[in-house]
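Structure below is structure_15.cif: mmCIF, C-alpha atoms.
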```
data_start
#
loop_
_atom_site.label_atom_id
_atom_site.label_comp_id
_atom_site.auth_asym_id
_atom_site.auth_seq_id
_atom_site.Cartn_x
_atom_site.Cartn_y
_atom_site.Cartn_z
CA MET A 1 218.22 35.39 97.90
CA GLY A 2 218.41 38.60 95.87
CA PRO A 3 216.69 39.30 92.57
CA THR A 4 218.05 37.59 89.48
CA LEU A 5 219.66 39.34 86.52
CA GLY A 6 216.47 39.00 84.51
CA GLN A 7 214.44 40.62 87.31
CA ARG A 8 216.89 43.53 87.51
CA LEU A 9 216.69 44.06 83.74
CA ARG A 10 212.88 44.03 83.80
CA ARG A 11 212.79 46.52 86.66
CA ALA A 12 215.22 48.84 84.86
CA ARG A 13 213.30 48.62 81.59
CA GLY A 14 211.47 51.93 82.12
CA LEU A 15 214.67 53.78 82.99
CA VAL A 16 216.49 52.37 79.96
CA ILE A 17 213.63 53.39 77.66
CA GLY A 18 213.62 56.91 79.13
CA VAL A 19 217.40 57.30 78.66
CA LEU A 20 217.11 56.00 75.09
CA ILE A 21 214.38 58.53 74.29
CA LEU A 22 216.50 61.37 75.70
CA PHE A 23 219.50 60.19 73.66
CA LEU A 24 217.48 60.05 70.44
CA ALA A 25 215.99 63.50 71.10
CA ALA A 26 219.44 64.99 71.79
CA THR A 27 220.81 63.39 68.61
CA ALA A 28 217.95 64.75 66.51
CA LEU A 29 218.39 68.22 67.99
CA ALA A 30 222.15 68.14 67.34
CA LEU A 31 221.56 67.12 63.72
CA LEU A 32 219.05 69.92 63.22
CA ARG A 33 221.36 72.52 64.73
CA SER A 34 224.35 71.24 62.77
CA GLY A 35 222.36 71.94 59.61
CA GLU A 36 222.01 75.58 60.67
CA GLN A 37 225.79 75.93 61.13
CA ARG A 38 226.77 74.21 57.89
CA GLY A 39 228.74 76.57 55.65
CA LEU A 40 228.45 79.45 58.14
CA LEU A 41 230.02 82.61 56.58
CA ASP A 42 231.95 80.48 54.09
CA PRO A 43 232.39 82.38 50.79
CA ARG A 44 232.21 79.04 48.96
CA SER A 45 228.89 77.95 50.51
CA ALA A 46 225.47 78.47 48.96
CA GLU A 47 223.70 77.54 52.22
CA PRO A 48 221.33 80.17 53.67
CA ARG A 49 223.94 81.18 56.28
CA GLY A 50 226.84 80.92 53.85
CA SER A 51 228.36 83.93 52.03
CA ARG A 52 228.87 82.81 48.44
CA ALA A 53 226.59 85.58 47.11
CA THR A 54 228.73 88.23 48.82
CA ALA A 55 231.93 86.76 47.41
CA GLU A 56 230.50 86.59 43.88
CA LEU A 57 229.37 90.23 43.98
CA LEU A 58 232.83 91.30 45.12
CA LYS A 59 234.49 89.32 42.32
CA GLU A 60 232.21 90.97 39.75
CA ARG A 61 233.55 94.33 40.94
CA GLY A 62 237.16 93.29 40.48
CA VAL A 63 237.97 92.31 44.09
CA GLU A 64 240.17 89.23 44.40
CA VAL A 65 238.77 86.99 47.18
CA THR A 66 241.15 84.57 48.92
CA VAL A 67 240.10 82.12 51.63
CA ALA A 68 242.54 81.66 54.54
CA THR A 69 242.30 79.24 57.46
CA THR A 70 245.51 79.99 59.39
CA THR A 71 246.84 83.05 61.15
CA GLU A 72 250.16 82.78 59.34
CA GLU A 73 248.78 83.06 55.79
CA THR A 74 246.33 85.78 56.88
CA SER A 75 249.07 87.90 58.47
CA ALA A 76 251.36 87.41 55.48
CA ALA A 77 248.70 88.91 53.17
CA ALA A 78 248.32 92.16 55.16
CA GLY A 79 249.07 95.30 53.18
CA PRO A 80 247.69 98.66 52.00
CA ASP A 81 245.71 97.06 49.16
CA THR A 82 244.21 94.28 51.30
CA THR A 83 241.08 93.94 53.42
CA ILE A 84 241.22 91.16 56.04
CA LEU A 85 237.83 89.83 57.13
CA VAL A 86 237.85 87.78 60.36
CA THR A 87 234.57 85.89 60.49
CA ARG A 88 234.83 84.63 64.08
CA PRO A 89 237.47 86.64 65.95
CA ASP A 90 236.53 85.21 69.35
CA LEU A 91 237.93 81.82 68.25
CA LEU A 92 241.42 83.31 68.10
CA GLY A 93 243.72 82.82 71.07
CA PRO A 94 245.81 85.64 72.57
CA GLY A 95 248.86 84.64 70.53
CA GLN A 96 246.90 84.60 67.26
CA GLN A 97 245.32 87.96 68.05
CA ALA A 98 248.70 89.50 68.84
CA THR A 99 250.16 88.17 65.57
CA LEU A 100 247.24 89.51 63.54
CA ARG A 101 247.39 92.87 65.31
CA SER A 102 251.12 93.20 64.65
CA ALA A 103 250.63 92.42 60.95
CA THR A 104 247.71 94.79 60.33
CA SER A 105 248.65 97.73 62.57
CA GLY A 106 250.18 100.45 60.41
CA SER A 107 249.86 98.37 57.23
CA GLY A 108 247.42 100.83 55.63
CA GLY A 109 244.86 98.07 54.99
CA ARG A 110 241.48 97.35 56.52
CA LEU A 111 240.64 94.82 59.23
CA VAL A 112 236.96 93.81 59.53
CA LEU A 113 235.78 91.94 62.65
CA LEU A 114 232.36 90.25 62.77
CA GLY A 115 230.66 90.03 66.17
CA ALA A 116 233.88 90.60 68.11
CA GLY A 117 233.62 89.99 71.85
CA GLN A 118 235.61 91.21 74.84
CA ASP A 119 238.81 89.24 74.22
CA ALA A 120 239.03 90.15 70.52
CA THR A 121 238.34 93.87 70.95
CA ARG A 122 240.90 94.21 73.73
CA THR A 123 243.74 93.30 71.34
CA LEU A 124 242.44 94.00 67.85
CA ALA A 125 240.37 97.15 68.52
CA PRO A 126 241.72 99.08 71.53
CA GLY A 127 239.31 101.70 72.78
CA VAL A 128 236.24 99.60 71.97
CA ARG A 129 234.46 97.08 74.18
CA PRO A 130 231.17 95.15 73.86
CA ALA A 131 228.45 96.78 75.95
CA ALA A 132 225.13 95.02 75.31
CA LYS A 133 223.31 92.61 73.02
CA ALA A 134 220.93 93.94 70.40
CA ALA A 135 218.39 92.23 68.17
CA VAL A 136 219.32 92.05 64.48
CA GLU A 137 216.86 94.32 62.68
CA ALA A 138 216.71 97.12 60.13
CA ARG A 139 218.33 100.24 61.57
CA GLU A 140 219.01 103.75 60.36
CA PRO A 141 222.72 104.70 60.11
CA ARG A 142 222.41 107.95 62.13
CA CYS A 143 226.00 108.92 61.25
CA SER A 144 227.77 111.01 58.59
CA ALA A 145 230.05 108.27 57.22
CA ASP A 146 229.87 108.08 53.40
CA PHE A 147 229.44 104.29 53.28
CA ALA A 148 226.54 104.46 55.77
CA ARG A 149 224.77 107.32 53.95
CA ARG A 150 224.95 105.44 50.64
CA ALA A 151 223.73 102.15 52.18
CA GLY A 152 220.91 103.65 54.23
CA ARG A 153 218.88 101.27 56.38
CA ALA A 154 220.64 97.96 57.01
CA GLU A 155 220.07 94.91 59.21
CA LEU A 156 222.51 95.18 62.09
CA GLY A 157 222.55 94.23 65.75
CA GLY A 158 224.31 91.51 67.72
CA ASN A 159 226.90 93.33 69.84
CA SER A 160 226.65 97.03 70.54
CA TYR A 161 229.88 98.76 71.54
CA ALA A 162 231.08 101.39 73.97
CA VAL A 163 233.72 103.48 72.19
CA SER A 164 236.38 105.60 73.87
CA ALA A 165 238.84 105.83 70.95
CA ASP A 166 239.41 109.16 69.18
CA ARG A 167 238.19 109.85 65.62
CA ALA A 168 235.97 106.73 65.63
CA GLN A 169 232.92 106.70 63.38
CA VAL A 170 229.90 105.11 65.05
CA CYS A 171 226.76 104.07 63.13
CA TYR A 172 223.52 102.10 63.36
CA PRO A 173 222.97 102.65 67.11
CA HIS A 174 220.94 100.58 69.55
CA ASP A 175 219.92 102.47 72.70
CA GLY A 176 222.59 105.07 71.92
CA LEU A 177 225.41 102.52 71.40
CA PRO A 178 226.66 101.74 67.88
CA THR A 179 226.51 98.29 66.26
CA LEU A 180 229.02 99.38 63.57
CA VAL A 181 232.31 101.10 64.46
CA LEU A 182 235.11 102.30 62.18
CA LEU A 183 238.47 103.04 63.84
CA PRO A 184 241.14 104.83 61.75
CA ASP A 185 244.69 103.69 62.49
CA ARG A 186 247.58 105.97 63.44
CA THR A 187 248.74 106.34 59.82
CA GLY A 188 245.38 107.64 58.67
CA THR A 189 245.37 105.27 55.68
CA GLY A 190 244.13 102.05 57.30
CA ASP A 191 241.28 101.27 59.66
CA THR A 192 239.48 98.61 61.67
CA VAL A 193 235.75 97.97 61.21
CA LEU A 194 233.58 96.19 63.78
CA LEU A 195 230.20 94.78 62.78
CA GLY A 196 228.09 93.70 65.75
CA ALA A 197 226.51 90.84 63.78
CA PRO A 198 227.50 88.95 60.61
CA ASP A 199 223.91 88.69 59.30
CA PRO A 200 224.28 91.17 56.39
CA LEU A 201 226.83 88.79 54.80
CA HIS A 202 224.49 85.75 54.82
CA ASN A 203 223.12 84.58 51.49
CA ASN A 204 219.53 84.80 52.74
CA ARG A 205 219.95 88.35 54.13
CA LEU A 206 222.18 90.05 51.56
CA ALA A 207 219.28 91.35 49.43
CA GLU A 208 217.41 92.83 52.42
CA GLU A 209 217.36 96.60 53.03
CA GLY A 210 220.77 98.17 52.31
CA ASN A 211 222.78 95.10 53.36
CA ALA A 212 224.41 94.50 49.97
CA SER A 213 225.49 98.13 49.56
CA LEU A 214 226.95 98.28 53.06
CA VAL A 215 228.83 94.98 52.73
CA LEU A 216 230.25 95.78 49.30
CA GLN A 217 231.53 99.15 50.49
CA LEU A 218 233.13 97.73 53.64
CA LEU A 219 234.74 94.70 51.96
CA GLY A 220 235.38 96.12 48.50
CA SER A 221 237.41 99.20 49.34
CA ARG A 222 240.69 97.36 48.46
CA ASP A 223 241.65 95.21 45.49
CA HIS A 224 242.30 92.13 47.57
CA LEU A 225 240.08 90.54 50.25
CA VAL A 226 241.41 87.82 52.56
CA TRP A 227 238.44 85.91 53.97
CA TYR A 228 239.78 84.42 57.20
CA LEU A 229 237.87 81.40 58.59
CA PRO A 230 239.53 80.63 61.97
CA SER A 231 239.99 76.92 62.59
CA PRO A 232 240.89 74.94 65.72
CA ALA A 233 243.35 73.02 63.53
CA ASP A 234 245.44 76.17 63.02
CA PRO A 235 249.05 75.38 64.08
CA ALA A 236 249.22 78.84 65.69
CA ALA A 237 246.25 78.12 67.98
CA ASP A 238 247.08 78.60 71.67
CA ARG A 239 246.76 75.10 73.10
CA ASP A 240 247.58 76.33 76.59
CA ASP A 241 244.52 78.57 76.56
CA GLU A 242 242.00 75.83 75.74
CA LYS A 243 239.10 76.01 78.13
CA THR A 244 237.86 73.15 80.28
CA VAL A 245 234.23 72.27 80.88
CA LEU A 246 234.26 74.29 84.12
CA ASP A 247 235.62 77.33 82.26
CA LEU A 248 232.67 77.19 79.87
CA LEU A 249 230.11 77.31 82.68
CA PRO A 250 228.60 80.74 83.31
CA ALA A 251 229.90 82.88 86.14
CA GLY A 252 228.34 82.16 89.52
CA TRP A 253 227.55 78.51 88.76
CA LEU A 254 229.10 77.33 92.04
CA TYR A 255 227.05 79.81 94.06
CA GLY A 256 223.91 78.72 92.20
CA ALA A 257 224.69 75.04 92.80
CA LEU A 258 225.10 75.65 96.54
CA GLN A 259 221.77 77.49 96.63
CA LEU A 260 220.09 74.61 94.82
CA ALA A 261 221.61 72.05 97.22
CA LEU A 262 220.40 74.07 100.22
CA ALA A 263 216.91 74.29 98.73
CA VAL A 264 216.84 70.50 98.21
CA VAL A 265 217.90 69.88 101.83
CA LEU A 266 215.26 72.29 103.17
CA ALA A 267 212.57 70.70 100.99
CA ALA A 268 213.59 67.23 102.21
CA LEU A 269 213.37 68.33 105.84
CA TRP A 270 210.00 69.96 105.18
CA ARG A 271 208.52 66.88 103.53
CA ALA A 272 210.21 64.28 105.75
CA ARG A 273 208.35 62.47 108.50
CA ARG A 274 208.68 63.91 111.97
CA LEU A 275 210.93 61.89 114.27
CA GLY A 276 209.18 60.45 117.31
CA PRO A 277 207.54 57.33 118.77
CA LEU A 278 205.33 55.16 116.63
CA VAL A 279 201.62 55.93 116.90
CA HIS A 280 198.92 53.37 116.23
CA GLU A 281 196.53 54.52 113.53
CA ASP A 282 193.41 52.71 112.46
CA LEU A 283 192.95 52.03 108.79
CA PRO A 284 190.35 54.28 107.14
CA VAL A 285 188.61 51.22 105.65
CA ALA A 286 188.26 47.58 106.60
CA VAL A 287 190.25 45.20 104.38
CA HIS A 288 189.43 41.51 104.40
CA ALA A 289 192.32 39.19 105.12
CA SER A 290 191.58 37.22 101.97
CA GLU A 291 191.92 40.36 99.84
CA THR A 292 195.22 41.26 101.48
CA THR A 293 196.53 37.73 100.97
CA GLU A 294 195.46 37.67 97.34
CA GLY A 295 196.95 41.10 96.65
CA ARG A 296 200.29 40.13 98.17
CA ALA A 297 200.28 36.88 96.23
CA ARG A 298 199.73 38.76 92.97
CA LEU A 299 202.64 41.06 93.79
CA TYR A 300 204.89 38.08 94.50
CA HIS A 301 203.79 36.46 91.25
CA GLN A 302 204.37 39.64 89.23
CA THR A 303 207.93 40.03 90.52
CA HIS A 304 208.65 36.26 90.41
CA SER A 305 209.47 36.35 94.14
CA ARG A 306 208.93 32.63 94.76
CA ASP A 307 211.54 32.69 97.51
CA ARG A 308 209.61 35.26 99.56
CA ALA A 309 206.26 33.57 98.89
CA ALA A 310 207.66 30.21 100.00
CA GLU A 311 209.18 31.71 103.15
CA SER A 312 205.84 33.35 103.98
CA LEU A 313 204.04 30.01 103.62
CA ARG A 314 206.65 28.18 105.71
CA HIS A 315 206.61 30.87 108.38
CA ALA A 316 202.83 30.59 108.76
CA ALA A 317 202.98 26.78 108.79
CA ARG A 318 205.70 26.74 111.46
CA ALA A 319 203.67 29.15 113.63
CA ARG A 320 200.55 26.93 113.38
CA LEU A 321 202.56 23.77 114.11
CA ALA A 322 204.17 25.41 117.16
CA THR A 323 200.70 26.19 118.52
CA LEU A 324 199.59 22.59 117.95
CA LEU A 325 202.76 21.14 119.46
CA GLY A 326 203.04 23.43 122.46
CA VAL A 327 206.31 24.97 121.29
CA SER A 328 206.98 28.58 122.28
CA PRO A 329 206.59 31.20 119.51
CA ARG A 330 210.32 31.93 119.73
CA GLY A 331 211.18 28.28 119.12
CA ALA A 332 208.71 27.90 116.24
CA HIS A 333 211.37 28.92 113.70
CA THR A 334 214.26 27.00 115.28
CA PRO A 335 214.71 23.53 113.74
CA GLU A 336 216.32 22.13 116.92
CA LEU A 337 213.16 22.86 118.94
CA LEU A 338 210.33 22.48 116.42
CA LEU A 339 211.38 19.35 114.50
CA PRO A 340 211.80 16.97 117.48
CA ALA A 341 208.37 17.96 118.81
CA LEU A 342 206.85 17.50 115.35
CA ASP A 343 208.50 14.10 114.92
CA THR A 344 207.11 12.97 118.29
CA ARG A 345 203.58 14.04 117.31
CA LEU A 346 203.76 12.35 113.88
CA ARG A 347 205.01 9.10 115.39
CA ALA A 348 202.16 9.26 117.93
CA ASN A 349 199.75 9.51 114.98
CA GLY A 350 201.52 6.66 113.16
CA ASP A 351 203.35 8.82 110.59
CA VAL A 352 207.03 9.09 109.77
CA LEU A 353 208.20 12.16 107.80
CA ASP A 354 211.44 14.11 107.34
CA ALA A 355 210.00 17.64 107.77
CA LEU A 356 213.31 19.52 107.61
CA PRO A 357 213.33 20.12 103.80
CA LEU A 358 209.64 20.96 103.89
CA LEU A 359 209.78 23.57 106.67
CA PHE A 360 213.35 24.89 106.31
CA GLY A 361 214.35 23.90 102.77
CA ARG A 362 215.36 25.72 99.62
CA PRO A 363 213.04 28.03 97.65
CA PRO A 364 211.01 26.33 94.89
CA VAL A 365 212.44 26.56 91.38
CA ASP A 366 209.14 27.32 89.60
CA ASP A 367 205.48 28.12 90.22
CA ALA A 368 204.44 24.46 90.10
CA ALA A 369 206.92 23.60 92.86
CA LEU A 370 205.53 26.52 94.91
CA VAL A 371 202.00 25.12 94.59
CA ARG A 372 203.21 21.66 95.61
CA LEU A 373 204.97 23.20 98.63
CA ALA A 374 201.76 24.94 99.73
CA ASP A 375 199.79 21.68 99.42
CA ALA A 376 202.44 19.75 101.35
CA LEU A 377 202.46 22.31 104.17
CA ASP A 378 198.64 22.18 104.47
CA ASP A 379 198.83 18.39 104.52
CA LEU A 380 201.51 18.45 107.23
CA VAL A 381 199.44 20.75 109.46
CA SER A 382 196.38 18.51 108.96
CA ARG A 383 198.35 15.38 109.80
CA THR A 384 199.79 17.02 112.89
CA SER A 385 196.36 17.91 114.28
CA PRO A 386 195.40 15.00 116.57
CA SER A 387 192.21 13.15 115.75
CA GLN A 388 191.68 12.80 119.49
CA PRO A 389 193.02 14.83 122.39
CA VAL A 390 196.70 14.15 122.82
CA ALA A 391 198.88 15.64 125.53
CA PRO A 392 201.02 18.33 123.89
CA ALA A 393 204.71 17.77 123.89
CA ARG A 394 206.64 19.75 126.44
CA VAL A 395 209.61 21.52 124.94
CA ASP A 396 212.49 22.95 126.87
CA LYS A 397 215.97 24.05 125.96
CA ASP A 398 217.15 20.43 125.78
CA GLY A 399 214.42 19.39 123.32
CA PRO A 400 210.99 17.74 123.58
CA SER A 401 210.20 15.24 126.31
#
```

Let me see the file written as structure tokens.
Amino acid sequence: MGPTLGQRLRRARGLVIGVLILFLAATALALLRSGEQRGLLDPRSAEPRGSRATAELLKERGVEVTVATTTEETSAAAGPDTTILVTRPDLLGPGQQATLRSATSGSGGRLVLLGAGQDATRTLAPGVRPAAKAAVEAREPRCSADFARRAGRAELGGNSYAVSADRAQVCYPHDGLPTLVLLPDRTGTGDTVLLGAPDPLHNNRLAEEGNASLVLQLLGSRDHLVWYLPSPADPAADRDDEKTVLDLLPAGWLYGALQLALAVVLAALWRARRLGPLVHEDLPVAVHASETTEGRARLYHQTHSRDRAAESLRHAARARLATLLGVSPRGAHTPELLLPALDTRLRANGDVLDALPLLFGRPPVDDAALVRLADALDDLVSRTSPSQPVAPARVDKDGPS
């Protein structure tokens, strides 16, 4: 008989508690991190990482700020008097990037990209590619651009860029690579600006160093600013380019997983027991039989294994009866051989008893029944022992005789 449902639940209690703790910890961490992302770069948000302060300063200087959430309305607003700010260009699919590039190229306006990665720069800023990550910190402009000279030190970092385009202005370098790039377009009237990190636009960073001056010059050079917040709900989003879970895993994950599996196999072989014949080994200490019996009984009681405890008691009783009755050890646990010999002995002692349920019956239903079974087995062994020498029954394959 296997363990009951209640026993399985009790044994799995520790695992369930551990999984519950992990779930609660993950939920708490997700809630904390969601608070950090709330209102991120939104010109309507007053959260620390929002950009309401930037938008209000621009409005005070006569710049009209419009919030857009789709590629279509952003592209439609492109023109010589418009600056388009793309807060998260890496969220745009290839089709959206191509549409935005077609609308802004040659328009005479300004396109500002915040933290653009490899995919965004390939389409929206040809001749520029991300090279390395840089900490966001106060940096000197180290360039001759007017906007950089007026702003002075500013907090930039994030992506640093390798630039191969002609006539590009590169500022605020990290290890010789710029974190701010300005690319004039072919008409000479428009340009594209790449900021390696969006931190200068955050409410809690705008007043630091020359951040406010730099941001106002980059975003306030035209009368109209379109603040583009890319959204997955954009009808122009490229559904065919959505990434699966495997696509989001870092490169080389399969190779790393194979290495880990090989390490686990080698560790298992190292720690596994050597194959070979069994070797007798003496115990380091002497353990009394009574202590072993009591310890096993406590384990049975703790796990409610009355079936195994009862079978252990019956097995020992059958072995003792077989010795008293002259039955072979192999036949001690066979009802057809043991019970006839037992019945013959009991009748010789003047007793009549149906021993089948007692020696080969069902497991007891509770602890009290288990105690009664133990008492009954002891009584049966005592009653089987002859009060005077009696010739043991001879048992063969056909039964006792």

Interatomic distance between atom CA of A:Ala154 and atom CA of A:Arg52?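 According to the coordinates, atom CA of A:Ala154 and atom CA of A:Arg52 are separated by 19.3 Å.
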
Residue with smallest distance to A:Leu377 - pool A:Gln302, A:Leu321, A:Ala348, A:Leu20, counting only C-alpha atoms: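 The closest residue to A:Leu377 is A:Leu321.
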
Nearest residue to A:Leu325 out of A:Gly256, A:Pro340, A:Pro230, A:Gly18, using only C-alpha atoms?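 Result for the nearest residue to A:Leu325: A:Pro340.
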
Check your understanding: What residues come out when you apply the PyMOL selection byres ((chain A and resi 346) around 12) to this file, written as an MDAnalysis selection string?
Key -> chainID A and resid 321 324:325 339:345 347:355 380:387 390 392:393

Checklist entry - What does the PyMOL selection byres ((chain A and resi 62) around 9) select in this file, as a PyMOL selection string? => result chain A and resi 58-61+63-64+220+223-224

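Those residues returned by the PyMOL selection byres ((chain A and resi 357) around 12) for this file are Arg314, Pro335, Leu339, Leu353, Asp354, Ala355, Leu356, Leu358, Leu359, Phe360, Gly361, Arg362, Pro363, Pro364, Leu373, Ala376 and Leu377 of chain A.
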
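Here atom CA of A:Arg122 and atom CA of A:Val163 stand 11.8 Å from one another.
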
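Close contacts of stretch 137-145 of chain A, defined as residues with an atom at most 6 Å away when counting all atoms listed in the file, with chain neighbours fewer than 3 positions off set aside, comprise Ala148, Arg153, Ala154, Glu155, Leu156, Cys171 and Tyr172 of chain A.
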
With stretch 90-110 of chain A as the partner and 12 Å as the cut-off, tabulate the residues of stretch 194-239 of chain A that qualify, each row holding the nearest pair of atoms and their distance in Å to one decimal, using only C-alpha atoms, sorted by chain and rising number, as a Markdown table.
```
| residue | atom | partner | partner_atom | distance |
| --- | --- | --- | --- | --- |
| A:Leu194 | CA | A:Arg110 | CA | 10.8 |
| A:Gln217 | CA | A:Arg110 | CA | 11.8 |
| A:Leu218 | CA | A:Arg110 | CA | 8.8 |
| A:Leu219 | CA | A:Arg110 | CA | 8.6 |
| A:Gly220 | CA | A:Arg110 | CA | 10.2 |
| A:Ser221 | CA | A:Arg110 | CA | 8.5 |
| A:Arg222 | CA | A:Gly109 | CA | 7.8 |
| A:Asp223 | CA | A:Gly109 | CA | 10.4 |
| A:His224 | CA | A:Gly109 | CA | 9.8 |
| A:Leu225 | CA | A:Arg110 | CA | 9.4 |
| A:Val226 | CA | A:Arg110 | CA | 10.3 |
| A:Tyr228 | CA | A:Leu100 | CA | 11.0 |
| A:Leu229 | CA | A:Leu91 | CA | 9.7 |
| A:Pro230 | CA | A:Leu91 | CA | 6.6 |
| A:Ser231 | CA | A:Leu91 | CA | 7.8 |
| A:Pro232 | CA | A:Leu91 | CA | 7.9 |
| A:Ala233 | CA | A:Leu91 | CA | 11.4 |
| A:Asp234 | CA | A:Gln96 | CA | 9.5 |
| A:Pro235 | CA | A:Gln96 | CA | 10.0 |
| A:Ala236 | CA | A:Gln96 | CA | 6.4 |
| A:Ala237 | CA | A:Gly93 | CA | 6.2 |
| A:Asp238 | CA | A:Gly93 | CA | 5.4 |
| A:Arg239 | CA | A:Gly93 | CA | 8.5 |
```

If you keep C-alpha atoms, can you produce a file of those selected residues as an mmCIF file, in the coordinates of the input?
```cif
data_model
loop_
_atom_site.group_PDB
_atom_site.id
_atom_site.type_symbol
_atom_site.label_atom_id
_atom_site.label_comp_id
_atom_site.auth_asym_id
_atom_site.auth_seq_id
_atom_site.Cartn_x
_atom_site.Cartn_y
_atom_site.Cartn_z
ATOM 1 C CA LEU A 194 233.580 96.190 63.780
ATOM 2 C CA GLN A 217 231.530 99.150 50.490
ATOM 3 C CA LEU A 218 233.130 97.730 53.640
ATOM 4 C CA LEU A 219 234.740 94.700 51.960
ATOM 5 C CA GLY A 220 235.380 96.120 48.500
ATOM 6 C CA SER A 221 237.410 99.200 49.340
ATOM 7 C CA ARG A 222 240.690 97.360 48.460
ATOM 8 C CA ASP A 223 241.650 95.210 45.490
ATOM 9 C CA HIS A 224 242.300 92.130 47.570
ATOM 10 C CA LEU A 225 240.080 90.540 50.250
ATOM 11 C CA VAL A 226 241.410 87.820 52.560
ATOM 12 C CA TYR A 228 239.780 84.420 57.200
ATOM 13 C CA LEU A 229 237.870 81.400 58.590
ATOM 14 C CA PRO A 230 239.530 80.630 61.970
ATOM 15 C CA SER A 231 239.990 76.920 62.590
ATOM 16 C CA PRO A 232 240.890 74.940 65.720
ATOM 17 C CA ALA A 233 243.350 73.020 63.530
ATOM 18 C CA ASP A 234 245.440 76.170 63.020
ATOM 19 C CA PRO A 235 249.050 75.380 64.080
ATOM 20 C CA ALA A 236 249.220 78.840 65.690
ATOM 21 C CA ALA A 237 246.250 78.120 67.980
ATOM 22 C CA ASP A 238 247.080 78.600 71.670
ATOM 23 C CA ARG A 239 246.760 75.100 73.100
#
```

Query raised in the report: Could you name the residues that touch stretch 127-129 of chain A at 7 Å or less, counting only C-alpha atoms, but leaving out those on the same chain fewer than 3 positions away, as a list in words?
Result: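 The contact residues come out as Gln118, Thr121, Tyr161, Ala162, Val163, Ser164 and Ala165 of chain A.
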
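The coordinates place atom CA of A:Leu370 at 10.7 Å from atom CA of A:His301.
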